[in-house]
Structures are given as structure tokens and as C-alpha cells.
Amino acid sequence: MTKYSLHNTDLEISRIAYGCMGIGGSWDDSPLTDETISKAINSVSAALEGGINFFDHANIYAQGKSELVFGKVLKEIKGIRDNIIIQSKCGIRFPGDPNPESPGRYDFSYENIIGSTNASLDRLGIEQLDILLLHRPDPLMHREEVAKAFDELHTKGKVRYFGVSNFNPGQMTLLQNSLDIPLVVNQIEISLLHHHVFNDGILVNQLSGKYAAATGIMDYCMLNNIRVQAWSPVALGKIFNPSVDAEKCVKKLARKITDYAEEKNTTEEAIALAWLLKHPAGIQPIIGTTKPERILNSCKADDIELTREEWYTLFTIARGNPVP
Ligand SMILES: NC(=O)c1ccc[n+]([C@@H]2O[C@H](COP(=O)([O-])OP(=O)(O)OC[C@H]3O[C@@H](n4cnc5c(N)ncnc54)[C@H](OP(=O)(O)O)[C@@H]3O)[C@@H](O)[C@H]2O)c1
């Protein structure tokens, strides 16, 4: 698989990454089962077979079990740690943590960033994360606290590089302004069914409230050498198998994806992901399927280059309207 150089790092990252949210089993405090472990080994093996070297985590996935099972996979598939890049996230806290009445919330306090990262390292059974992301913007963020936590994690060798997720340009500027090290990643939701970041540029001076939240994210990241990662890149499979009551445009999109896959002798997953890869920012889709066959189908996107006409055909169908 083609690799990107991640700006401001020495990392060479596969063009497609594997998201580990689904490999930890159920989102509760039940213990890991042998079945979950064996399925996780199969998923990670398929990702490696497809040429993926980048694995995305968060402390909260399956309430910690995704990191835990990945730690077991690292022991099972010997020697992979040095050849892969492990990214995790912190900053989201579940309702009930630490008291029954505590609400679900974001927490970028120094204590939470340090505590959460140490817990992730323990579960993964590793000494160092390659990248740590702040998961979702915390309105109560004190930049100096984040800077202090990042500095300590970096100095102690616990985290090599840092980034954010679901941040807008203002939030990135604000945080970067207090950091000595550059943010290298912003992970946001993008897919054919969640394409606001592209509409944003097309609807300049015509923005409806619906799209305003995406204003300028792609441009900011490109200008500042921040790699954009796309979460839910196939919209949880809805673009391939729309429900009976899905909008007409979604059903039409699914048919067009199938047509292109047949024409190009490739897979539907490859077409949907090639649509993201076409963007000049060099978007890195974070695929989340747990099925080995679908993982390998997804990796085929690296071989597909859509034409401008095909890109706009899919975009136009997905947005339900021609471009203005
Ligand atoms: N930063 C954030 O806020 C954030 C939020 C959400 C996710 N993420 C990251 O992004 C990764 C991907 O997210 P996602 O799982 O929502 O993304 P996705 O790749 O769009 O969706 C994968 C899901 O769709 C299902 N699916 C059904 N048909 C499929 C097909 N033909 N091909 C592929 N998948 C199909 C999969 O089920 P099967 O497993 O049965 O195939 C799986 O549940 C996560 O693992 C996580 O690392 C980040």
C-alpha cells in the first residue's frame, strides 16, 4: 500500500488506517472473551495483509477492551510493534465516572490527559504511543494544562506526537498557539454521506447553518500540514446497503457505487474510499469493519483513481443536488 509521510514526524503511514473501535466486543465492563480475542487477531492480520501499518484507538472504545485486546494481539502476532503506528485518544468521560451522577463530558484537564494515557499504555502493554489525539473539543479546555500534559508525556517518552479530533480551525489555532510541538493530525467524520467539509468550500457565501460547522477545516489542515483522517469513512456501511426507508439519493448512490465497482473490476468499499483518497489533502480513511474480507476489499482503494467526473458524479448524487 502507498504510504504518506506524516508532516513534522518521522512516520511513514499507510494511506488507509485501521480503526480498532469494533474489535473490543461489547461496550460494557464484561471481560474479554476468547471469541473476541480470536476475531481481533483475524481483523488485525487482515489489515496487515492489506498493507495497513496504522492502528487507531481511543481509551473509551469498548470501555477500554479494544486497547486491551490489541495488547493481546501484539503478543500473539510477534514482532509487529516496531513496524506499526499506534494512535490513541483521550478526553471523553462516560456518564457515571467517577460518581453515579457524573454526566458524560469532555475533560482536557492535566490529570485526565495523563491518567488516561497511562491507562491506555497499560492496556496496550506498550511503553509509548506514536500519536495521542484529543478526542472531542472541551469548552472548558485550559490550553496551558494541555500543553503541560503534552510536554510531560513527550519528555517522558510516553507519546511521540500529538493531534486532535473533531476540531475546527479556530480551536486548532488556539491550542497550537500554546504548544511547543506541532499538531500533526485532525480526525473528523467524512464520507459520501457526511460530506460537509467539501460542501463548505462549494457553498462559499451561501452557507446554511447546517454546514457552517465545517468551515475551512480542510484548508486549514492543508495549510498547516495537519493530516486529515476520516472516521466512519463508509458511513457504517449505509452507503452500500441503504435501509428500505433510506432517502432516494442514498439508494441511488449505492447503485452508482456498485456500477463503478463492476466497471473497474474492484470492490464497492474501494470505490467509496477512493472517493476520499482523491482529495488533494491526502485524507487517511480510518476503516472500521471487523470482517477480514471487507478489510481486504477496502485496501483495494489504493489501486483506484477516480476521474474528476466520477468524483463529482458520486458527490452530486450524495448531496441530492447538482453543484450550484
Ligand atoms: N474520532 C472520532 O470521534 C471517531 C468516531 C467514530 C469512529 N472513529 C474511528 O473511526 C473508525 C471507523 O469508524 P466506523 O467503524 O464508524 O467506520 P466505517 O468504516 O464507516 O463503518 C464500519 C462499520 O460499518 C459496518 N459495515 C457494514 N457493511 C460494511 C461494508 N460493506 N464495508 C465496511 N463496513 C461495513 C461494519 O460492520 P462489520 O464489522 O460487521 O463489517 C462496521 O460496524 C473507528 O474504528 C474509530 O477508530 C473515530
# chains A, B, ... in the order shown; residues from 1 in each chain; ligands from 1
>>> closest_atom_pairs(of="chain A", to="ligand 1", cutoff="9 Å", atoms="only C-alpha atoms and all ligand atoms", output="tab-separated table")
residue	atom	partner	partner_atom_place_in_ligand_line	distance
A:Ala17	CA	ligand 1	11 (C)	8.6
A:Tyr18	CA	ligand 1	45 (O)	6.8
A:Gly19	CA	ligand 1	45 (O)	3.2
A:Cys20	CA	ligand 1	45 (O)	4.4
A:Met21	CA	ligand 1	45 (O)	3.8
A:Gly22	CA	ligand 1	45 (O)	5.8
A:Ile23	CA	ligand 1	45 (O)	8.2
A:Phe55	CA	ligand 1	47 (O)	7.8
A:Asp56	CA	ligand 1	47 (O)	4.8
A:His57	CA	ligand 1	47 (O)	5.4
A:Ala58	CA	ligand 1	47 (O)	7.2
A:Tyr61	CA	ligand 1	46 (C)	8.1
A:Ser88	CA	ligand 1	47 (O)	8.7
A:Lys89	CA	ligand 1	1 (N)	8.0
A:Leu133	CA	ligand 1	1 (N)	8.5
A:Leu134	CA	ligand 1	1 (N)	8.8
A:His135	CA	ligand 1	1 (N)	5.8
A:Arg136	CA	ligand 1	3 (O)	6.6
A:Val164	CA	ligand 1	1 (N)	8.5
A:Ser165	CA	ligand 1	1 (N)	5.2
A:Asn166	CA	ligand 1	3 (O)	6.3
A:Asn186	CA	ligand 1	1 (N)	8.6
A:Gln187	CA	ligand 1	1 (N)	5.5
A:Ile188	CA	ligand 1	1 (N)	6.0
A:Glu189	CA	ligand 1	5 (C)	7.0
A:Ile190	CA	ligand 1	20 (O)	9.0
A:Ser191	CA	ligand 1	20 (O)	7.6
A:Gln229	CA	ligand 1	10 (O)	8.7
A:Ala230	CA	ligand 1	10 (O)	7.1
A:Trp231	CA	ligand 1	10 (O)	3.9
A:Ser232	CA	ligand 1	17 (O)	3.1
A:Pro233	CA	ligand 1	20 (O)	4.2
A:Val234	CA	ligand 1	20 (O)	3.6
A:Ala235	CA	ligand 1	20 (O)	4.0
A:Leu236	CA	ligand 1	24 (O)	3.2
A:Gly237	CA	ligand 1	27 (C)	3.7
A:Lys238	CA	ligand 1	27 (C)	6.9
A:Ile239	CA	ligand 1	31 (N)	8.3
A:Phe240	CA	ligand 1	31 (N)	6.0
A:Asn241	CA	ligand 1	28 (N)	7.0
A:Glu268	CA	ligand 1	31 (N)	7.3
A:Glu269	CA	ligand 1	32 (N)	5.8
A:Pro285	CA	ligand 1	12 (C)	8.1
A:Ile286	CA	ligand 1	11 (C)	5.0
A:Ile287	CA	ligand 1	19 (O)	4.0
A:Gly288	CA	ligand 1	15 (O)	3.4
A:Thr289	CA	ligand 1	39 (O)	3.6
A:Thr290	CA	ligand 1	39 (O)	3.7
A:Lys291	CA	ligand 1	41 (O)	4.8
A:Pro292	CA	ligand 1	41 (O)	8.3
A:Glu293	CA	ligand 1	41 (O)	8.7
A:Arg294	CA	ligand 1	32 (N)	5.3
A:Ile295	CA	ligand 1	33 (C)	7.3
A:Asn297	CA	ligand 1	32 (N)	8.0
A:Ser298	CA	ligand 1	32 (N)	7.3
>>> residues_around(residues="Ala261 (chain A)", least_positions_apart="6", cutoff="10 Å", atoms="only C-alpha atoms", output="list of chain:residue names")
A:Arg255, A:Thr267, A:Glu268, A:Glu269, A:Ala270, A:Ile271, A:Ala272, A:Ile304
>>> write_last_selection(atoms="C-alpha atoms", output="tab-separated table (two decimals), in the first residue's frame")
chain	number	residue	atom	x	y	z
A	255	ARG	CA	-26.36	1.67	-7.10
A	267	THR	CA	-14.99	-3.68	-4.73
A	268	GLU	CA	-17.67	-1.28	-3.51
A	269	GLU	CA	-15.53	-0.47	-0.47
A	270	ALA	CA	-12.67	0.53	-2.80
A	271	ILE	CA	-14.89	2.96	-4.71
A	272	ALA	CA	-16.25	4.63	-1.56
A	304	ILE	CA	-8.23	3.03	-7.76
>>> residues_around(residues="Leu140 (chain A)", least_positions_apart="5", cutoff="9 Å", atoms="only C-alpha atoms", output="PyMOL selection string")
chain A and resi 106-109
>>> write_last_selection(atoms="C-alpha atoms", output="PDB file, in the first residue's frame")
ATOM      1  CA  TYR A 106     -15.132  16.091  27.867  1.00  0.00           C
ATOM      2  CA  ASP A 107     -12.138  16.509  30.138  1.00  0.00           C
ATOM      3  CA  PHE A 108      -8.868  18.032  28.919  1.00  0.00           C
ATOM      4  CA  SER A 109      -7.538  18.605  32.420  1.00  0.00           C
TER       5      SER A 109
END
>>> residues_around(residues="region 121-126 of chain A", least_positions_apart="3", cutoff="10 Å", atoms="only C-alpha atoms", output="PyMOL selection string")
chain A and resi 57+59+64-75+81+86+88+116-118+129+158-159
>>> closest_residue(among="A:Thr215, A:Thr36, A:Ser5, A:Ser45", to="His196 (chain A)", atoms="only C-alpha atoms")
A:Thr215
>>> atom_distance(atom1="CA of Gln284 (chain A)", atom2="CA of Asn42 (chain A)")
22.2 Å
>>> residues_around(residues="Arg143 (chain A)", least_positions_apart="5", cutoff="10 Å", atoms="only C-alpha atoms", output="mmCIF file with C-alpha atoms, in the first residue's frame")
data_model
loop_
_atom_site.group_PDB
_atom_site.id
_atom_site.type_symbol
_atom_site.label_atom_id
_atom_site.label_comp_id
_atom_site.auth_asym_id
_atom_site.auth_seq_id
_atom_site.Cartn_x
_atom_site.Cartn_y
_atom_site.Cartn_z
ATOM 1 C CA PHE A 108 -8.868 18.032 28.919
ATOM 2 C CA SER A 109 -7.538 18.605 32.420
ATOM 3 C CA TYR A 110 -3.870 17.805 33.018
ATOM 4 C CA LYS A 148 1.854 20.848 30.344
ATOM 5 C CA ALA A 149 0.391 17.352 29.925
ATOM 6 C CA LEU A 174 -5.998 28.338 19.843
ATOM 7 C CA LEU A 175 -4.427 25.122 21.059
ATOM 8 C CA GLN A 176 -1.422 25.240 18.734
ATOM 9 C CA ASN A 177 -0.661 28.708 19.982
ATOM 10 C CA SER A 178 0.115 27.285 23.426
ATOM 11 C CA LEU A 179 2.085 24.246 22.291
#
>>> atom_distance(atom1="CA of Phe198 (chain A)", atom2="CA of Pro280 (chain A)")
11.8 Å
>>> closest_residue(among="A:Lys264, A:His194, A:His142, A:Lys78", to="Glu310 (chain A)", atoms="only C-alpha atoms")
A:Lys264
>>> atom_distance(atom1="CA of Ser243 (chain A)", atom2="CA of Thr258 (chain A)")
15.9 Å
>>> select_by_dssp(residues="region 19-217 of chain A", states="helix (DSSP H, G or I)", output="VMD selection string")
chain A and resid 34 to 49 61 to 76 81 to 83 110 to 124 143 to 155 169 to 176 196 to 202 209 to 212 217
>>> closest_residue(among="A:Gly91, A:Glu152, A:Gly96, A:Gly51", to="Asp138 (chain A)", atoms="only C-alpha atoms")
A:Gly91
>>> closest_residue(among="A:Asn224, A:Asn99, A:Asn321, A:Gln87", to="Tyr161 (chain A)", atoms="only C-alpha atoms")
A:Gln87
>>> closest_residue(among="A:Ala274, A:Val197, A:Ala40, A:Ile181", to="Thr155 (chain A)", atoms="only C-alpha atoms")
A:Ile181
>>> residues_around(residues="Arg227 (chain A)", least_positions_apart="5", cutoff="9 Å", atoms="only C-alpha atoms", output="PDB file with C-alpha atoms, in the first residue's frame")
ATOM      1  CA  LEU A   6       3.260  12.400   8.160  1.00  0.00           C
ATOM      2  CA  HIS A   7       4.429  16.027   8.273  1.00  0.00           C
ATOM      3  CA  VAL A 184       0.028  16.546  13.234  1.00  0.00           C
ATOM      4  CA  VAL A 185      -3.479  15.072  12.836  1.00  0.00           C
ATOM      5  CA  ASN A 186      -7.127  16.135  12.883  1.00  0.00           C
ATOM      6  CA  GLN A 187      -9.536  13.189  12.741  1.00  0.00           C
ATOM      7  CA  CYS A 221      -5.201  21.436   7.792  1.00  0.00           C
ATOM      8  CA  MET A 222      -3.589  21.561   4.350  1.00  0.00           C
ATOM      9  CA  ALA A 281      -5.197  16.866   1.182  1.00  0.00           C
ATOM     10  CA  GLY A 282      -4.266  13.186   1.209  1.00  0.00           C
ATOM     11  CA  ILE A 283      -7.071  12.147   3.537  1.00  0.00           C
ATOM     12  CA  GLN A 284      -6.346   8.974   5.515  1.00  0.00           C
TER      13      GLN A 284
END
>>> closest_residue(among="A:Ala47, A:Ala119, A:Cys249, A:Leu276", to="Gln63 (chain A)", atoms="only C-alpha atoms")
A:Ala119
>>> decode(residues="region 40-185 of chain A", atoms="C-alpha atoms", output="PDB file, in the first residue's frame")
ATOM      1  CA  ALA A  40      -9.429  -9.323  16.785  1.00  0.00           C
ATOM      2  CA  ILE A  41      -6.391 -11.354  15.713  1.00  0.00           C
ATOM      3  CA  ASN A  42      -8.145 -12.102  12.407  1.00  0.00           C
ATOM      4  CA  SER A  43      -9.084  -8.440  11.839  1.00  0.00           C
ATOM      5  CA  VAL A  44      -5.604  -7.106  12.592  1.00  0.00           C
ATOM      6  CA  SER A  45      -3.990  -9.864  10.496  1.00  0.00           C
ATOM      7  CA  ALA A  46      -6.189  -8.907   7.537  1.00  0.00           C
ATOM      8  CA  ALA A  47      -5.257  -5.237   7.963  1.00  0.00           C
ATOM      9  CA  LEU A  48      -1.568  -6.120   7.965  1.00  0.00           C
ATOM     10  CA  GLU A  49      -2.059  -8.374   4.943  1.00  0.00           C
ATOM     11  CA  GLY A  50      -3.718  -5.491   3.120  1.00  0.00           C
ATOM     12  CA  GLY A  51      -0.691  -3.276   3.773  1.00  0.00           C
ATOM     13  CA  ILE A  52      -2.044  -1.231   6.688  1.00  0.00           C
ATOM     14  CA  ASN A  53       0.544  -0.126   9.256  1.00  0.00           C
ATOM     15  CA  PHE A  54      -1.593   2.390  11.181  1.00  0.00           C
ATOM     16  CA  PHE A  55      -3.978   1.468  14.012  1.00  0.00           C
ATOM     17  CA  ASP A  56      -6.377   3.939  15.610  1.00  0.00           C
ATOM     18  CA  HIS A  57      -7.651   3.574  19.173  1.00  0.00           C
ATOM     19  CA  ALA A  58      -9.314   5.569  21.939  1.00  0.00           C
ATOM     20  CA  ASN A  59      -9.357   4.936  25.660  1.00  0.00           C
ATOM     21  CA  ILE A  60     -13.150   4.639  25.532  1.00  0.00           C
ATOM     22  CA  TYR A  61     -13.549   2.043  22.757  1.00  0.00           C
ATOM     23  CA  ALA A  62     -15.471  -0.906  24.169  1.00  0.00           C
ATOM     24  CA  GLN A  63     -14.743   0.717  27.539  1.00  0.00           C
ATOM     25  CA  GLY A  64     -11.037   0.004  27.201  1.00  0.00           C
ATOM     26  CA  LYS A  65     -11.394  -3.505  25.796  1.00  0.00           C
ATOM     27  CA  SER A  66     -10.316  -2.505  22.265  1.00  0.00           C
ATOM     28  CA  GLU A  67      -6.920  -1.442  23.619  1.00  0.00           C
ATOM     29  CA  LEU A  68      -6.819  -4.472  25.892  1.00  0.00           C
ATOM     30  CA  VAL A  69      -7.474  -6.931  23.088  1.00  0.00           C
ATOM     31  CA  PHE A  70      -4.986  -5.122  20.850  1.00  0.00           C
ATOM     32  CA  GLY A  71      -2.375  -5.656  23.561  1.00  0.00           C
ATOM     33  CA  LYS A  72      -3.091  -9.377  23.313  1.00  0.00           C
ATOM     34  CA  VAL A  73      -2.878  -9.245  19.516  1.00  0.00           C
ATOM     35  CA  LEU A  74       0.550  -7.585  19.814  1.00  0.00           C
ATOM     36  CA  LYS A  75       1.737 -10.533  21.896  1.00  0.00           C
ATOM     37  CA  GLU A  76       0.168 -13.073  19.531  1.00  0.00           C
ATOM     38  CA  ILE A  77       1.488 -11.664  16.237  1.00  0.00           C
ATOM     39  CA  LYS A  78       5.108 -11.424  17.265  1.00  0.00           C
ATOM     40  CA  GLY A  79       7.369  -8.606  16.168  1.00  0.00           C
ATOM     41  CA  ILE A  80       4.723  -6.249  14.795  1.00  0.00           C
ATOM     42  CA  ARG A  81       5.032  -3.444  17.360  1.00  0.00           C
ATOM     43  CA  ASP A  82       8.102  -1.925  15.725  1.00  0.00           C
ATOM     44  CA  ASN A  83       6.505  -1.968  12.288  1.00  0.00           C
ATOM     45  CA  ILE A  84       3.186  -0.354  13.105  1.00  0.00           C
ATOM     46  CA  ILE A  85       1.969   3.014  14.264  1.00  0.00           C
ATOM     47  CA  ILE A  86      -0.376   3.113  17.242  1.00  0.00           C
ATOM     48  CA  GLN A  87      -2.564   6.144  17.825  1.00  0.00           C
ATOM     49  CA  SER A  88      -4.977   6.577  20.720  1.00  0.00           C
ATOM     50  CA  LYS A  89      -7.214   9.321  22.080  1.00  0.00           C
ATOM     51  CA  CYS A  90      -8.226  10.789  25.400  1.00  0.00           C
ATOM     52  CA  GLY A  91     -10.623  13.413  26.675  1.00  0.00           C
ATOM     53  CA  ILE A  92     -14.070  11.756  26.733  1.00  0.00           C
ATOM     54  CA  ARG A  93     -15.517  10.598  30.033  1.00  0.00           C
ATOM     55  CA  PHE A  94     -18.573   8.380  30.348  1.00  0.00           C
ATOM     56  CA  PRO A  95     -21.609   9.171  32.492  1.00  0.00           C
ATOM     57  CA  GLY A  96     -21.127   7.715  35.962  1.00  0.00           C
ATOM     58  CA  ASP A  97     -17.367   8.428  36.020  1.00  0.00           C
ATOM     59  CA  PRO A  98     -16.381   8.728  38.815  1.00  0.00           C
ATOM     60  CA  ASN A  99     -19.731   9.182  40.629  1.00  0.00           C
ATOM     61  CA  PRO A 100     -23.105   7.719  39.640  1.00  0.00           C
ATOM     62  CA  GLU A 101     -24.473  11.230  38.987  1.00  0.00           C
ATOM     63  CA  SER A 102     -21.465  12.421  36.895  1.00  0.00           C
ATOM     64  CA  PRO A 103     -22.591  13.364  33.362  1.00  0.00           C
ATOM     65  CA  GLY A 104     -20.966  12.271  30.100  1.00  0.00           C
ATOM     66  CA  ARG A 105     -18.426  15.001  29.358  1.00  0.00           C
ATOM     67  CA  TYR A 106     -15.132  16.091  27.867  1.00  0.00           C
ATOM     68  CA  ASP A 107     -12.138  16.509  30.138  1.00  0.00           C
ATOM     69  CA  PHE A 108      -8.868  18.032  28.919  1.00  0.00           C
ATOM     70  CA  SER A 109      -7.538  18.605  32.420  1.00  0.00           C
ATOM     71  CA  TYR A 110      -3.870  17.805  33.018  1.00  0.00           C
ATOM     72  CA  GLU A 111      -4.813  14.975  35.399  1.00  0.00           C
ATOM     73  CA  ASN A 112      -7.226  13.351  32.979  1.00  0.00           C
ATOM     74  CA  ILE A 113      -4.876  13.515  29.976  1.00  0.00           C
ATOM     75  CA  ILE A 114      -2.014  11.982  31.972  1.00  0.00           C
ATOM     76  CA  GLY A 115      -4.177   9.381  33.744  1.00  0.00           C
ATOM     77  CA  SER A 116      -5.994   8.336  30.595  1.00  0.00           C
ATOM     78  CA  THR A 117      -2.779   7.989  28.580  1.00  0.00           C
ATOM     79  CA  ASN A 118      -1.079   5.920  31.263  1.00  0.00           C
ATOM     80  CA  ALA A 119      -4.136   3.640  31.364  1.00  0.00           C
ATOM     81  CA  SER A 120      -4.090   3.272  27.556  1.00  0.00           C
ATOM     82  CA  LEU A 121      -0.396   2.324  27.629  1.00  0.00           C
ATOM     83  CA  ASP A 122      -1.102  -0.269  30.349  1.00  0.00           C
ATOM     84  CA  ARG A 123      -3.970  -1.833  28.428  1.00  0.00           C
ATOM     85  CA  LEU A 124      -1.991  -1.905  25.182  1.00  0.00           C
ATOM     86  CA  GLY A 125       1.026  -3.287  27.033  1.00  0.00           C
ATOM     87  CA  ILE A 126       3.388  -0.833  25.336  1.00  0.00           C
ATOM     88  CA  GLU A 127       5.804   1.841  26.544  1.00  0.00           C
ATOM     89  CA  GLN A 128       4.970   4.539  24.023  1.00  0.00           C
ATOM     90  CA  LEU A 129       2.099   5.759  21.859  1.00  0.00           C
ATOM     91  CA  ASP A 130       3.116   7.056  18.470  1.00  0.00           C
ATOM     92  CA  ILE A 131       0.303   9.621  18.416  1.00  0.00           C
ATOM     93  CA  LEU A 132      -2.186  10.863  21.009  1.00  0.00           C
ATOM     94  CA  LEU A 133      -5.306  12.802  19.954  1.00  0.00           C
ATOM     95  CA  LEU A 134      -7.681  14.928  21.998  1.00  0.00           C
ATOM     96  CA  HIS A 135     -10.956  13.217  21.126  1.00  0.00           C
ATOM     97  CA  ARG A 136     -13.583  15.999  21.049  1.00  0.00           C
ATOM     98  CA  PRO A 137     -13.240  19.717  21.826  1.00  0.00           C
ATOM     99  CA  ASP A 138     -13.714  20.524  25.506  1.00  0.00           C
ATOM    100  CA  PRO A 139     -15.203  24.004  26.023  1.00  0.00           C
ATOM    101  CA  LEU A 140     -13.503  24.088  29.429  1.00  0.00           C
ATOM    102  CA  MET A 141     -10.042  23.470  27.960  1.00  0.00           C
ATOM    103  CA  HIS A 142      -7.232  25.407  29.607  1.00  0.00           C
ATOM    104  CA  ARG A 143      -4.536  25.448  26.960  1.00  0.00           C
ATOM    105  CA  GLU A 144      -1.690  25.637  29.479  1.00  0.00           C
ATOM    106  CA  GLU A 145      -2.893  22.417  31.133  1.00  0.00           C
ATOM    107  CA  VAL A 146      -2.946  20.595  27.820  1.00  0.00           C
ATOM    108  CA  ALA A 147       0.496  21.992  26.972  1.00  0.00           C
ATOM    109  CA  LYS A 148       1.854  20.848  30.344  1.00  0.00           C
ATOM    110  CA  ALA A 149       0.391  17.352  29.925  1.00  0.00           C
ATOM    111  CA  PHE A 150       1.674  17.012  26.333  1.00  0.00           C
ATOM    112  CA  ASP A 151       5.106  18.250  27.341  1.00  0.00           C
ATOM    113  CA  GLU A 152       5.342  15.769  30.199  1.00  0.00           C
ATOM    114  CA  LEU A 153       4.130  12.829  28.101  1.00  0.00           C
ATOM    115  CA  HIS A 154       6.590  13.746  25.364  1.00  0.00           C
ATOM    116  CA  THR A 155       9.550  14.292  27.695  1.00  0.00           C
ATOM    117  CA  LYS A 156       8.937  11.008  29.493  1.00  0.00           C
ATOM    118  CA  GLY A 157       8.826   9.206  26.122  1.00  0.00           C
ATOM    119  CA  LYS A 158       5.217   8.110  26.562  1.00  0.00           C
ATOM    120  CA  VAL A 159       3.877   9.853  23.444  1.00  0.00           C
ATOM    121  CA  ARG A 160       5.851  10.818  20.325  1.00  0.00           C
ATOM    122  CA  TYR A 161       3.373  13.092  18.519  1.00  0.00           C
ATOM    123  CA  PHE A 162       0.052  14.818  19.184  1.00  0.00           C
ATOM    124  CA  GLY A 163      -3.108  15.731  17.321  1.00  0.00           C
ATOM    125  CA  VAL A 164      -6.800  16.426  17.693  1.00  0.00           C
ATOM    126  CA  SER A 165     -10.123  15.044  16.568  1.00  0.00           C
ATOM    127  CA  ASN A 166     -13.334  16.849  15.607  1.00  0.00           C
ATOM    128  CA  PHE A 167     -11.643  20.277  15.945  1.00  0.00           C
ATOM    129  CA  ASN A 168     -12.425  23.349  13.839  1.00  0.00           C
ATOM    130  CA  PRO A 169      -9.726  25.778  12.634  1.00  0.00           C
ATOM    131  CA  GLY A 170     -10.259  28.233  15.487  1.00  0.00           C
ATOM    132  CA  GLN A 171      -9.882  25.508  18.086  1.00  0.00           C
ATOM    133  CA  MET A 172      -6.738  24.184  16.394  1.00  0.00           C
ATOM    134  CA  THR A 173      -5.211  27.668  16.208  1.00  0.00           C
ATOM    135  CA  LEU A 174      -5.998  28.338  19.843  1.00  0.00           C
ATOM    136  CA  LEU A 175      -4.427  25.122  21.059  1.00  0.00           C
ATOM    137  CA  GLN A 176      -1.422  25.240  18.734  1.00  0.00           C
ATOM    138  CA  ASN A 177      -0.661  28.708  19.982  1.00  0.00           C
ATOM    139  CA  SER A 178       0.115  27.285  23.426  1.00  0.00           C
ATOM    140  CA  LEU A 179       2.085  24.246  22.291  1.00  0.00           C
ATOM    141  CA  ASP A 180       5.793  23.939  21.527  1.00  0.00           C
ATOM    142  CA  ILE A 181       5.178  20.914  19.332  1.00  0.00           C
ATOM    143  CA  PRO A 182       3.075  20.891  16.154  1.00  0.00           C
ATOM    144  CA  LEU A 183      -0.312  19.180  15.953  1.00  0.00           C
ATOM    145  CA  VAL A 184       0.028  16.546  13.234  1.00  0.00           C
ATOM    146  CA  VAL A 185      -3.479  15.072  12.836  1.00  0.00           C
TER     147      VAL A 185
END
